[in-house]
Amino acid sequence: MALNLQRHRIQPSRGRWWVKSCKRCQRMNVPNVDYVVSFYPPSASDPALLLELKTRRPPSLVERAGRETWSVDFSPDGAWFAWSMGHGIVWVVAWPLDSEESQNGETDRGDKSFSCGHPVWGLAFGPRPPKSNATACPAKARSEGKNSLLLATGLENGVIKIWNVLTGSAVFDLHGHEGVVRDLVFPQNGTLTLISSSRDKTLRIWDLAHKGKKVQVLYGHKDWISSCCVSSDCSMIASVGRFDRMVCLWSLRSYTFIRNLTGGAHKTVYLLSSCDFSPDGAILATAAFSGSSWWIDLWDPYTAEKLATLADYFEDYGQNQISAIQFSPNGLHLTLVTDDRALRIWELGEKGMVMETKRDRDSNGLCCKYHPQGGVVATGTRDGHVRFWRAPSAVPSLCHLCRSILRHSISTHQIEALPLPKRILEYLTYKNIPERLKSCCSSDEEEWES
């Protein structure tokens, strides 16, 4: 059900305003949940924080389970932002929130809310609409109704609901999963192919052009699947199992299992939480944590070689979960969401972080997403809130740009067969990154040994 919204703007001293659901939606027994937008000046306590979307709930829902923001996403053209704000509600707002249009209280920005009926654990925008729509304002695009921008939402009951963002209507449902749909991703080739991962131990590949009737099911995990991602050339799918500790690679062309990067032996007990391919597809990053540490492994998906590991250790047992990771659009940085800080940003190969928020055990971070053009990172929390952060600005070197273009279409095996000097080969295959690094966030300790 799509909810019709009315904007009510207020003008307090810090430029805070909110959107709330209309009276008709309350009569339809839709939870009266809205949000407040808070803009933060650069002089705030955390200078990286741009703005925050804070969920407002009636007293009956404040302490109830199901209020988490498990997933956030930007549309491919960066014109929309969606987040699961808890209690089965997904909000979709026009981006940027602080644009000139948003400052006009009478402008219809086209913001919407969708009631999914069950808690939403994963969501993803579909392919970019035609270019004729990209430069138009979201409200105008909606009124034309000629094109569609799809939003897929994965629910706790295993159903995937597909929505048309521009019209605000439900398109169809996908049935097949028997557990929580934990993650959703569309390939970057512009096709209406949707990959979903679930706690039922399977991944499913849906053809939305045929309303999901053509389905490929991938079996191999032994327990819940935490996360999945697709390589930039759309040839591989990666998935990580939370409890079986498997990092699986699958062929998106033949729908077959390729390999398990972690092997079969596990000397320590740990949980896998997230994974992401670099923009050129040459690196797969996976995030894991145990009782007193978290770490990120960088893999070569073509050779199954572990290139590097970034780790951090804690004195407080059980306070070290790493929830999500994502590469920046230019591939220079990797973003981390952990228990002790709302956001960290790491430059590959460096010892410390290029950016990190203040230490906060109550940050409750769950997910993160870069804006497609970079510069901004959105994070979701257990309280159903969303924070937007300034990402470090960096100009990629000519070497990095050349490597990114080359690796987008050439595998590691093809690179190694080229008659190039060793130093260039190591750079092109990312073997110039130190094998083991400690995230020296609170100290200047030296690199740790295994």
# chains A, B, ... in the order shown; residues from 1 in each chain; ligands from 1

$ closest_atom_pairs --of "stretch 220-326 of chain A" --to "stretch 378-394 of chain A" --cutoff "12 Å" --atoms "only C-alpha atoms" --output "Markdown table"
| residue | atom | partner | partner_atom | distance |
| --- | --- | --- | --- | --- |
| A:Ser323 | CA | A:Thr381 | CA | 10.4 |
| A:Ala324 | CA | A:Thr379 | CA | 9.4 |
| A:Ile325 | CA | A:Thr379 | CA | 10.6 |
| A:Gln326 | CA | A:Ala378 | CA | 11.0 |

$ residues_around --residues "A:Glu347" --least-positions-apart "4" --cutoff "9 Å" --atoms "only C-alpha atoms" --output "ChimeraX atom specification"
/A:332-335,351-354

$ select_by_dssp --residues "stretch 344-430 of chain A" --states "strand (DSSP E or B)" --output "VMD selection string"
chain A and resid 344 to 347 353 to 356 359 365 to 370 376 to 381 386 to 390

$ write_last_selection --atoms "N, CA and C atoms" --output "PDB file, in the first residue's frame"
ATOM      1  N   ARG A 344      33.433   4.487   9.829  1.00  0.00           N
ATOM      2  CA  ARG A 344      34.860   4.547   9.566  1.00  0.00           C
ATOM      3  C   ARG A 344      35.059   4.478   8.055  1.00  0.00           C
ATOM      4  N   ILE A 345      36.072   5.157   7.559  1.00  0.00           N
ATOM      5  CA  ILE A 345      36.407   5.075   6.140  1.00  0.00           C
ATOM      6  C   ILE A 345      37.900   4.812   6.033  1.00  0.00           C
ATOM      7  N   TRP A 346      38.231   3.729   5.347  1.00  0.00           N
ATOM      8  CA  TRP A 346      39.613   3.252   5.236  1.00  0.00           C
ATOM      9  C   TRP A 346      40.078   3.366   3.791  1.00  0.00           C
ATOM     10  N   GLU A 347      41.287   3.881   3.599  1.00  0.00           N
ATOM     11  CA  GLU A 347      41.914   3.876   2.283  1.00  0.00           C
ATOM     12  C   GLU A 347      42.749   2.618   2.158  1.00  0.00           C
ATOM     13  N   MET A 353      42.691   5.079   9.596  1.00  0.00           N
ATOM     14  CA  MET A 353      41.497   5.494   8.882  1.00  0.00           C
ATOM     15  C   MET A 353      41.658   6.920   8.361  1.00  0.00           C
ATOM     16  N   VAL A 354      41.136   7.165   7.172  1.00  0.00           N
ATOM     17  CA  VAL A 354      41.159   8.528   6.640  1.00  0.00           C
ATOM     18  C   VAL A 354      40.029   9.364   7.235  1.00  0.00           C
ATOM     19  N   MET A 355      39.028   8.688   7.784  1.00  0.00           N
ATOM     20  CA  MET A 355      37.932   9.399   8.432  1.00  0.00           C
ATOM     21  C   MET A 355      37.233   8.438   9.392  1.00  0.00           C
ATOM     22  N   GLU A 356      36.917   8.922  10.577  1.00  0.00           N
ATOM     23  CA  GLU A 356      36.154   8.122  11.535  1.00  0.00           C
ATOM     24  C   GLU A 356      35.367   9.053  12.440  1.00  0.00           C
ATOM     25  N   ARG A 359      33.976   8.130  18.984  1.00  0.00           N
ATOM     26  CA  ARG A 359      33.677   6.841  19.606  1.00  0.00           C
ATOM     27  C   ARG A 359      32.321   6.911  20.305  1.00  0.00           C
ATOM     28  N   GLY A 365      24.839   1.240  14.586  1.00  0.00           N
ATOM     29  CA  GLY A 365      24.842   1.190  13.133  1.00  0.00           C
ATOM     30  C   GLY A 365      24.557  -0.198  12.590  1.00  0.00           C
ATOM     31  N   LEU A 366      23.807  -0.249  11.480  1.00  0.00           N
ATOM     32  CA  LEU A 366      23.445  -1.521  10.867  1.00  0.00           C
ATOM     33  C   LEU A 366      23.825  -1.618   9.394  1.00  0.00           C
ATOM     34  N   CYS A 367      23.806  -0.498   8.668  1.00  0.00           N
ATOM     35  CA  CYS A 367      24.012  -0.558   7.225  1.00  0.00           C
ATOM     36  C   CYS A 367      24.617   0.755   6.746  1.00  0.00           C
ATOM     37  N   CYS A 368      25.122   0.757   5.519  1.00  0.00           N
ATOM     38  CA  CYS A 368      25.684   1.974   4.942  1.00  0.00           C
ATOM     39  C   CYS A 368      25.528   1.932   3.431  1.00  0.00           C
ATOM     40  N   LYS A 369      25.523   3.117   2.818  1.00  0.00           N
ATOM     41  CA  LYS A 369      25.397   3.216   1.362  1.00  0.00           C
ATOM     42  C   LYS A 369      25.977   4.531   0.883  1.00  0.00           C
ATOM     43  N   TYR A 370      26.852   4.464  -0.120  1.00  0.00           N
ATOM     44  CA  TYR A 370      27.397   5.659  -0.756  1.00  0.00           C
ATOM     45  C   TYR A 370      26.399   6.225  -1.760  1.00  0.00           C
ATOM     46  N   VAL A 376      28.893  11.560  -0.106  1.00  0.00           N
ATOM     47  CA  VAL A 376      27.958  11.378   1.005  1.00  0.00           C
ATOM     48  C   VAL A 376      27.789   9.889   1.265  1.00  0.00           C
ATOM     49  N   VAL A 377      27.755   9.534   2.552  1.00  0.00           N
ATOM     50  CA  VAL A 377      27.479   8.165   2.972  1.00  0.00           C
ATOM     51  C   VAL A 377      26.275   8.189   3.906  1.00  0.00           C
ATOM     52  N   ALA A 378      25.313   7.312   3.663  1.00  0.00           N
ATOM     53  CA  ALA A 378      24.143   7.171   4.533  1.00  0.00           C
ATOM     54  C   ALA A 378      24.306   5.924   5.392  1.00  0.00           C
ATOM     55  N   THR A 379      23.971   6.038   6.679  1.00  0.00           N
ATOM     56  CA  THR A 379      24.012   4.889   7.586  1.00  0.00           C
ATOM     57  C   THR A 379      22.673   4.744   8.292  1.00  0.00           C
ATOM     58  N   GLY A 380      22.228   3.507   8.465  1.00  0.00           N
ATOM     59  CA  GLY A 380      20.999   3.215   9.185  1.00  0.00           C
ATOM     60  C   GLY A 380      21.293   2.644  10.552  1.00  0.00           C
ATOM     61  N   THR A 381      20.386   2.853  11.512  1.00  0.00           N
ATOM     62  CA  THR A 381      20.619   2.451  12.899  1.00  0.00           C
ATOM     63  C   THR A 381      19.506   1.540  13.412  1.00  0.00           C
ATOM     64  N   VAL A 386      18.358   7.498  10.176  1.00  0.00           N
ATOM     65  CA  VAL A 386      19.359   7.523   9.114  1.00  0.00           C
ATOM     66  C   VAL A 386      20.214   8.760   9.286  1.00  0.00           C
ATOM     67  N   ARG A 387      21.520   8.588   9.178  1.00  0.00           N
ATOM     68  CA  ARG A 387      22.453   9.705   9.242  1.00  0.00           C
ATOM     69  C   ARG A 387      23.209   9.811   7.929  1.00  0.00           C
ATOM     70  N   PHE A 388      23.469  11.043   7.505  1.00  0.00           N
ATOM     71  CA  PHE A 388      24.223  11.306   6.286  1.00  0.00           C
ATOM     72  C   PHE A 388      25.536  11.985   6.671  1.00  0.00           C
ATOM     73  N   TRP A 389      26.638  11.445   6.146  1.00  0.00           N
ATOM     74  CA  TRP A 389      27.968  11.892   6.525  1.00  0.00           C
ATOM     75  C   TRP A 389      28.731  12.401   5.306  1.00  0.00           C
ATOM     76  N   ARG A 390      29.595  13.382   5.530  1.00  0.00           N
ATOM     77  CA  ARG A 390      30.503  13.824   4.476  1.00  0.00           C
ATOM     78  C   ARG A 390      31.599  12.779   4.277  1.00  0.00           C
TER      79      ARG A 390
END

$ select_by_dssp --residues "stretch 257-408 of chain A" --states "alpha helix (DSSP H)" --output "PyMOL selection string"
chain A and resi 398-408

$ write_last_selection --atoms "N, CA and C atoms" --output "mmCIF file, in the first residue's frame"
data_model
loop_
_atom_site.group_PDB
_atom_site.id
_atom_site.type_symbol
_atom_site.label_atom_id
_atom_site.label_comp_id
_atom_site.auth_asym_id
_atom_site.auth_seq_id
_atom_site.Cartn_x
_atom_site.Cartn_y
_atom_site.Cartn_z
ATOM 1 N N LEU A 398 46.227 8.966 -11.777
ATOM 2 C CA LEU A 398 46.147 8.410 -13.124
ATOM 3 C C LEU A 398 46.420 6.907 -13.103
ATOM 4 N N CYS A 399 47.317 6.479 -12.220
ATOM 5 C CA CYS A 399 47.605 5.046 -12.094
ATOM 6 C C CYS A 399 46.362 4.279 -11.650
ATOM 7 N N HIS A 400 45.665 4.833 -10.655
ATOM 8 C CA HIS A 400 44.463 4.166 -10.152
ATOM 9 C C HIS A 400 43.377 4.106 -11.223
ATOM 10 N N LEU A 401 43.197 5.183 -11.965
ATOM 11 C CA LEU A 401 42.182 5.197 -13.012
ATOM 12 C C LEU A 401 42.501 4.180 -14.103
ATOM 13 N N CYS A 402 43.758 4.102 -14.488
ATOM 14 C CA CYS A 402 44.151 3.121 -15.503
ATOM 15 C C CYS A 402 43.936 1.693 -15.008
ATOM 16 N N ARG A 403 44.305 1.444 -13.750
ATOM 17 C CA ARG A 403 44.092 0.107 -13.192
ATOM 18 C C ARG A 403 42.609 -0.243 -13.131
ATOM 19 N N SER A 404 41.777 0.704 -12.736
ATOM 20 C CA SER A 404 40.339 0.449 -12.628
ATOM 21 C C SER A 404 39.741 0.097 -13.982
ATOM 22 N N ILE A 405 40.125 0.854 -15.010
ATOM 23 C CA ILE A 405 39.599 0.587 -16.355
ATOM 24 C C ILE A 405 40.075 -0.773 -16.861
ATOM 25 N N LEU A 406 41.340 -1.066 -16.617
ATOM 26 C CA LEU A 406 41.906 -2.324 -17.089
ATOM 27 C C LEU A 406 41.276 -3.516 -16.373
ATOM 28 N N ARG A 407 41.156 -3.445 -15.040
ATOM 29 C CA ARG A 407 40.656 -4.580 -14.268
ATOM 30 C C ARG A 407 39.157 -4.797 -14.426
ATOM 31 N N HIS A 408 38.460 -3.806 -14.907
ATOM 32 C CA HIS A 408 37.018 -3.973 -15.127
ATOM 33 C C HIS A 408 36.734 -5.049 -16.165
#

$ atom_distance --atom1 "atom CA of A:Asp200" --atom2 "atom CA of A:Gly158"
8.8 Å

$ atom_distance --atom1 "atom CA of A:Leu420" --atom2 "atom CA of A:Ile237"
29.9 Å

$ closest_residue --among "A:Asn157, A:Asn189, A:Ser226, A:Thr202" --to "A:Arg128" --atoms "only C-alpha atoms"
A:Asn189

$ residues_around --residues "A:Lys54" --least-positions-apart "2" --cutoff "7 Å" --atoms "only C-alpha atoms" --output "list in words"
Tyr35, Val36, Val37, Glu52, Arg56, His385 and Val386 of chain A

$ write_last_selection --atoms "N, CA, C and O atoms" --output "JSON list (two decimals), in the first residue's frame"
[["chain", "number", "residue", "atom", "x", "y", "z"],
["A", 35, "TYR", "N", 8.90, 11.16, 10.18],
["A", 35, "TYR", "CA", 10.31, 11.40, 10.47],
["A", 35, "TYR", "C", 10.59, 12.89, 10.54],
["A", 35, "TYR", "O", 9.86, 13.71, 10.00],
["A", 36, "VAL", "N", 11.67, 13.22, 11.23],
["A", 36, "VAL", "CA", 12.14, 14.58, 11.39],
["A", 36, "VAL", "C", 13.50, 14.69, 10.71],
["A", 36, "VAL", "O", 14.35, 13.82, 10.86],
["A", 37, "VAL", "N", 13.71, 15.76, 9.96],
["A", 37, "VAL", "CA", 14.99, 16.00, 9.31],
["A", 37, "VAL", "C", 15.74, 17.08, 10.08],
["A", 37, "VAL", "O", 15.22, 18.18, 10.26],
["A", 52, "GLU", "N", 20.30, 14.30, 9.63],
["A", 52, "GLU", "CA", 19.79, 13.07, 10.22],
["A", 52, "GLU", "C", 18.28, 12.99, 10.03],
["A", 52, "GLU", "O", 17.57, 13.99, 10.19],
["A", 56, "ARG", "N", 9.83, 9.24, 14.12],
["A", 56, "ARG", "CA", 8.93, 9.55, 15.23],
["A", 56, "ARG", "C", 7.81, 8.51, 15.23],
["A", 56, "ARG", "O", 7.17, 8.27, 14.22],
["A", 385, "HIS", "N", 16.67, 5.30, 12.55],
["A", 385, "HIS", "CA", 17.12, 6.60, 12.06],
["A", 385, "HIS", "C", 18.13, 6.41, 10.93],
["A", 385, "HIS", "O", 18.71, 5.35, 10.74],
["A", 386, "VAL", "N", 18.36, 7.50, 10.18],
["A", 386, "VAL", "CA", 19.36, 7.52, 9.11],
["A", 386, "VAL", "C", 20.21, 8.76, 9.29],
["A", 386, "VAL", "O", 19.70, 9.86, 9.53]]

$ residues_around --residues "A:Pro329" --least-positions-apart "2" --cutoff "8 Å" --atoms "only C-alpha atoms" --output "PyMOL selection string"
chain A and resi 279+327+331+370+372-374

$ write_last_selection --atoms "N, CA, C and O atoms" --output "PDB file, in the first residue's frame"
ATOM      1  N   PRO A 279      34.679  -1.454  -7.244  1.00  0.00           N
ATOM      2  CA  PRO A 279      34.039  -1.017  -8.494  1.00  0.00           C
ATOM      3  C   PRO A 279      34.617  -1.644  -9.752  1.00  0.00           C
ATOM      4  O   PRO A 279      33.908  -1.776 -10.753  1.00  0.00           O
ATOM      5  N   PHE A 327      32.477  -0.289  -0.714  1.00  0.00           N
ATOM      6  CA  PHE A 327      33.493   0.481  -1.415  1.00  0.00           C
ATOM      7  C   PHE A 327      32.907   1.803  -1.877  1.00  0.00           C
ATOM      8  O   PHE A 327      31.722   1.904  -2.213  1.00  0.00           O
ATOM      9  N   GLY A 331      36.454   3.574  -5.764  1.00  0.00           N
ATOM     10  CA  GLY A 331      37.283   2.445  -5.363  1.00  0.00           C
ATOM     11  C   GLY A 331      38.454   2.775  -4.472  1.00  0.00           C
ATOM     12  O   GLY A 331      39.223   1.887  -4.107  1.00  0.00           O
ATOM     13  N   TYR A 370      26.852   4.464  -0.120  1.00  0.00           N
ATOM     14  CA  TYR A 370      27.397   5.659  -0.756  1.00  0.00           C
ATOM     15  C   TYR A 370      26.399   6.225  -1.760  1.00  0.00           C
ATOM     16  O   TYR A 370      25.658   5.479  -2.411  1.00  0.00           O
ATOM     17  N   PRO A 372      25.718   7.539  -5.403  1.00  0.00           N
ATOM     18  CA  PRO A 372      26.390   7.082  -6.634  1.00  0.00           C
ATOM     19  C   PRO A 372      27.510   7.991  -7.105  1.00  0.00           C
ATOM     20  O   PRO A 372      28.474   7.523  -7.718  1.00  0.00           O
ATOM     21  N   GLN A 373      27.404   9.293  -6.839  1.00  0.00           N
ATOM     22  CA  GLN A 373      28.477  10.213  -7.232  1.00  0.00           C
ATOM     23  C   GLN A 373      29.494  10.431  -6.116  1.00  0.00           C
ATOM     24  O   GLN A 373      30.422  11.239  -6.268  1.00  0.00           O
ATOM     25  N   GLY A 374      29.346   9.737  -5.003  1.00  0.00           N
ATOM     26  CA  GLY A 374      30.263   9.886  -3.890  1.00  0.00           C
ATOM     27  C   GLY A 374      29.997  11.155  -3.106  1.00  0.00           C
ATOM     28  O   GLY A 374      29.041  11.891  -3.352  1.00  0.00           O
TER      29      GLY A 374
END

$ residues_around --residues "A:Gly176" --least-positions-apart "4" --cutoff "10 Å" --atoms "only C-alpha atoms" --output "mmCIF file with C-alpha atoms, in the first residue's frame"
data_model
loop_
_atom_site.group_PDB
_atom_site.id
_atom_site.type_symbol
_atom_site.label_atom_id
_atom_site.label_comp_id
_atom_site.auth_asym_id
_atom_site.auth_seq_id
_atom_site.Cartn_x
_atom_site.Cartn_y
_atom_site.Cartn_z
ATOM 1 C CA GLY A 158 10.158 -14.300 2.769
ATOM 2 C CA VAL A 159 8.107 -12.245 0.292
ATOM 3 C CA ILE A 160 9.732 -9.675 -2.002
ATOM 4 C CA ARG A 204 17.427 -16.614 -5.918
ATOM 5 C CA VAL A 215 13.716 -18.104 -11.195
ATOM 6 C CA VAL A 217 17.825 -21.003 -7.138
#
